[in-house]
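A quick write-up on the structure given underneath.
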Amino acid sequence: MEEGKKICVAGDHAGFELKGAITEYLQKKGYEVHDCGALEYDRDDDYPVFAFDLAKKVSSGEIPRGVLFCGTGVGASIAANRKKGVRAALCFTPEMGTLSRAHNDSNVLVLGSRTTSLETAKAILDAWLAGPFEGGRHEKRVKMLDA
Ligand code: RB5
């Protein structure tokens, strides 16, 4: 499996259903998907647990990128961005997906199940997966994040 086709997913109970649907979508596109949980629905589970597991994999370089889910996407993105080297982008439109790659070199896409329909989530994901980092003037800014 080429490195670019490895991806991890994670989410709490609120993101559980969307995570499942997006996992299937990624697999159909030929991605090897590593699921960092939740592996079963439990309404008392906590988004930081799963966001940290996924963020550690991306931060260490074990898996180059990931898709994260919670109800709004806010909690999961706050948690993931605490890990060095993680640039988690909460996106609501395909344009945000494209620009978070082009300008921020985002390595984690965050989607909110209560804010984003499955169709929109797929469109955001497609844009995010396809979008190259522009580099150039954005390179310096991205480097500043971890300096
Ligand atoms: C869980 O109810 C919800 O608070 C969580 O999924 C997320 O939206 C937090 O930001």
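Simple scheme: letters A, B, ... for chains in structure tokens order, numbers from 1 for residues in each chain, numbers from 1 for ligands in the order shown.
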
Using only C-alpha atoms, which residues sit within 10 Å of region 74-87 of chain A once same-chain residues fewer than 2 positions away are excluded, as an MDAnalysis selection string? chainID A and resid 10:12 15 46:61 64:66 68:72 89:90 100:101 104:112 142:143 145:147

All helix (DSSP H, G or I) positions in chain A, as a PyMOL selection string: chain A and resi 3-5+13-28+47-60+74-80+94-102+118-130+137-145

Next, write the just-selected residues to a file, as a PDB file, in the first residue's frame, keeping C-alpha atoms as the atom set.
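Written file, part.pdb:
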```pdb
ATOM      1  CA  GLU A   3       1.970   5.784   1.912  1.00  0.00           C
ATOM      2  CA  GLY A   4      -0.412   8.322   0.396  1.00  0.00           C
ATOM      3  CA  LYS A   5      -3.256   5.820   0.561  1.00  0.00           C
ATOM      4  CA  HIS A  13     -20.499   8.702  19.667  1.00  0.00           C
ATOM      5  CA  ALA A  14     -21.783  11.834  17.949  1.00  0.00           C
ATOM      6  CA  GLY A  15     -19.502  11.205  14.985  1.00  0.00           C
ATOM      7  CA  PHE A  16     -19.905   7.423  15.002  1.00  0.00           C
ATOM      8  CA  GLU A  17     -22.389   7.065  12.149  1.00  0.00           C
ATOM      9  CA  LEU A  18     -20.684   9.606   9.892  1.00  0.00           C
ATOM     10  CA  LYS A  19     -17.307   7.966  10.600  1.00  0.00           C
ATOM     11  CA  GLY A  20     -18.729   4.635   9.419  1.00  0.00           C
ATOM     12  CA  ALA A  21     -20.146   6.077   6.216  1.00  0.00           C
ATOM     13  CA  ILE A  22     -16.965   8.007   5.422  1.00  0.00           C
ATOM     14  CA  THR A  23     -14.805   4.961   6.187  1.00  0.00           C
ATOM     15  CA  GLU A  24     -16.745   2.988   3.561  1.00  0.00           C
ATOM     16  CA  TYR A  25     -16.387   5.871   1.124  1.00  0.00           C
ATOM     17  CA  LEU A  26     -12.613   5.994   1.686  1.00  0.00           C
ATOM     18  CA  GLN A  27     -12.280   2.232   1.282  1.00  0.00           C
ATOM     19  CA  LYS A  28     -14.169   2.375  -2.029  1.00  0.00           C
ATOM     20  CA  TYR A  47     -14.104  12.937  22.050  1.00  0.00           C
ATOM     21  CA  PRO A  48     -10.611  13.826  23.413  1.00  0.00           C
ATOM     22  CA  VAL A  49      -9.764  10.117  23.811  1.00  0.00           C
ATOM     23  CA  PHE A  50     -10.235   9.363  20.115  1.00  0.00           C
ATOM     24  CA  ALA A  51      -8.950  12.691  18.844  1.00  0.00           C
ATOM     25  CA  PHE A  52      -5.705  12.226  20.829  1.00  0.00           C
ATOM     26  CA  ASP A  53      -5.245   8.651  19.528  1.00  0.00           C
ATOM     27  CA  LEU A  54      -5.579   9.810  15.939  1.00  0.00           C
ATOM     28  CA  ALA A  55      -3.455  12.920  16.497  1.00  0.00           C
ATOM     29  CA  LYS A  56      -0.634  10.849  18.003  1.00  0.00           C
ATOM     30  CA  LYS A  57      -0.511   8.699  14.867  1.00  0.00           C
ATOM     31  CA  VAL A  58      -0.306  11.752  12.619  1.00  0.00           C
ATOM     32  CA  SER A  59       2.110  13.603  14.910  1.00  0.00           C
ATOM     33  CA  SER A  60       4.517  10.631  14.980  1.00  0.00           C
ATOM     34  CA  VAL A  74     -15.100  21.786  17.482  1.00  0.00           C
ATOM     35  CA  GLY A  75     -14.039  19.576  20.389  1.00  0.00           C
ATOM     36  CA  ALA A  76     -12.223  17.104  18.150  1.00  0.00           C
ATOM     37  CA  SER A  77     -10.284  19.867  16.391  1.00  0.00           C
ATOM     38  CA  ILE A  78      -9.282  21.562  19.659  1.00  0.00           C
ATOM     39  CA  ALA A  79      -7.990  18.242  20.973  1.00  0.00           C
ATOM     40  CA  ALA A  80      -6.136  17.197  17.810  1.00  0.00           C
ATOM     41  CA  PRO A  94     -15.472  21.972  -0.077  1.00  0.00           C
ATOM     42  CA  GLU A  95     -13.701  25.319  -0.551  1.00  0.00           C
ATOM     43  CA  MET A  96     -12.539  25.198   3.065  1.00  0.00           C
ATOM     44  CA  GLY A  97     -11.249  21.685   2.391  1.00  0.00           C
ATOM     45  CA  THR A  98      -9.284  22.888  -0.626  1.00  0.00           C
ATOM     46  CA  LEU A  99      -7.912  25.987   1.097  1.00  0.00           C
ATOM     47  CA  SER A 100      -7.003  24.158   4.288  1.00  0.00           C
ATOM     48  CA  ARG A 101      -4.728  22.005   2.138  1.00  0.00           C
ATOM     49  CA  ALA A 102      -3.460  24.777  -0.137  1.00  0.00           C
ATOM     50  CA  LEU A 118     -23.155  13.035   4.425  1.00  0.00           C
ATOM     51  CA  GLU A 119     -23.244  14.427   0.876  1.00  0.00           C
ATOM     52  CA  THR A 120     -21.482  17.619   1.926  1.00  0.00           C
ATOM     53  CA  ALA A 121     -19.011  15.634   4.026  1.00  0.00           C
ATOM     54  CA  LYS A 122     -18.090  13.545   0.970  1.00  0.00           C
ATOM     55  CA  ALA A 123     -17.649  16.667  -1.165  1.00  0.00           C
ATOM     56  CA  ILE A 124     -15.432  18.297   1.500  1.00  0.00           C
ATOM     57  CA  LEU A 125     -13.400  15.096   1.799  1.00  0.00           C
ATOM     58  CA  ASP A 126     -12.920  14.859  -1.982  1.00  0.00           C
ATOM     59  CA  ALA A 127     -11.715  18.453  -2.130  1.00  0.00           C
ATOM     60  CA  TRP A 128      -9.399  17.949   0.845  1.00  0.00           C
ATOM     61  CA  LEU A 129      -7.892  14.700  -0.516  1.00  0.00           C
ATOM     62  CA  ALA A 130      -7.307  16.228  -3.943  1.00  0.00           C
ATOM     63  CA  ARG A 137       4.506  32.125   0.931  1.00  0.00           C
ATOM     64  CA  HIS A 138       2.421  29.642   2.932  1.00  0.00           C
ATOM     65  CA  GLU A 139       5.434  27.466   3.753  1.00  0.00           C
ATOM     66  CA  LYS A 140       6.928  30.004   6.163  1.00  0.00           C
ATOM     67  CA  ARG A 141       3.590  30.438   7.969  1.00  0.00           C
ATOM     68  CA  VAL A 142       3.059  26.710   8.399  1.00  0.00           C
ATOM     69  CA  LYS A 143       6.624  26.335   9.768  1.00  0.00           C
ATOM     70  CA  MET A 144       5.874  29.087  12.323  1.00  0.00           C
ATOM     71  CA  LEU A 145       3.117  26.927  13.836  1.00  0.00           C
TER      72      LEU A 145
END
```

Using only C-alpha atoms, which of the listed residues (A:His103, A:Gly30, A:Ser117, A:Cys8) sits closest to Glu62 (chain A)? A:Cys8

With distances taken over only C-alpha atoms and all ligand atoms, which of A:Ala88, A:Cys36, A:Gly136, A:Asp45 is nearest to ligand 1?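 Checking each candidate against ligand 1, we get A:Asp45 as the closest.
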
Pick out the closest residue to ligand 1 from this set: A:Gly135, A:Arg43, A:Ile63, A:Phe92. Count only C-alpha atoms and all ligand atoms. A:Arg43

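Here the strand (DSSP E or B) residues in region 35-114 of chain A, by DSSP on the backbone, are Asp35, Gly66, Val67, Leu68, Phe69, Cys70, Ala88, Ala89, Leu90, Val108, Leu109, Val110, Leu111 and Gly112 of chain A.
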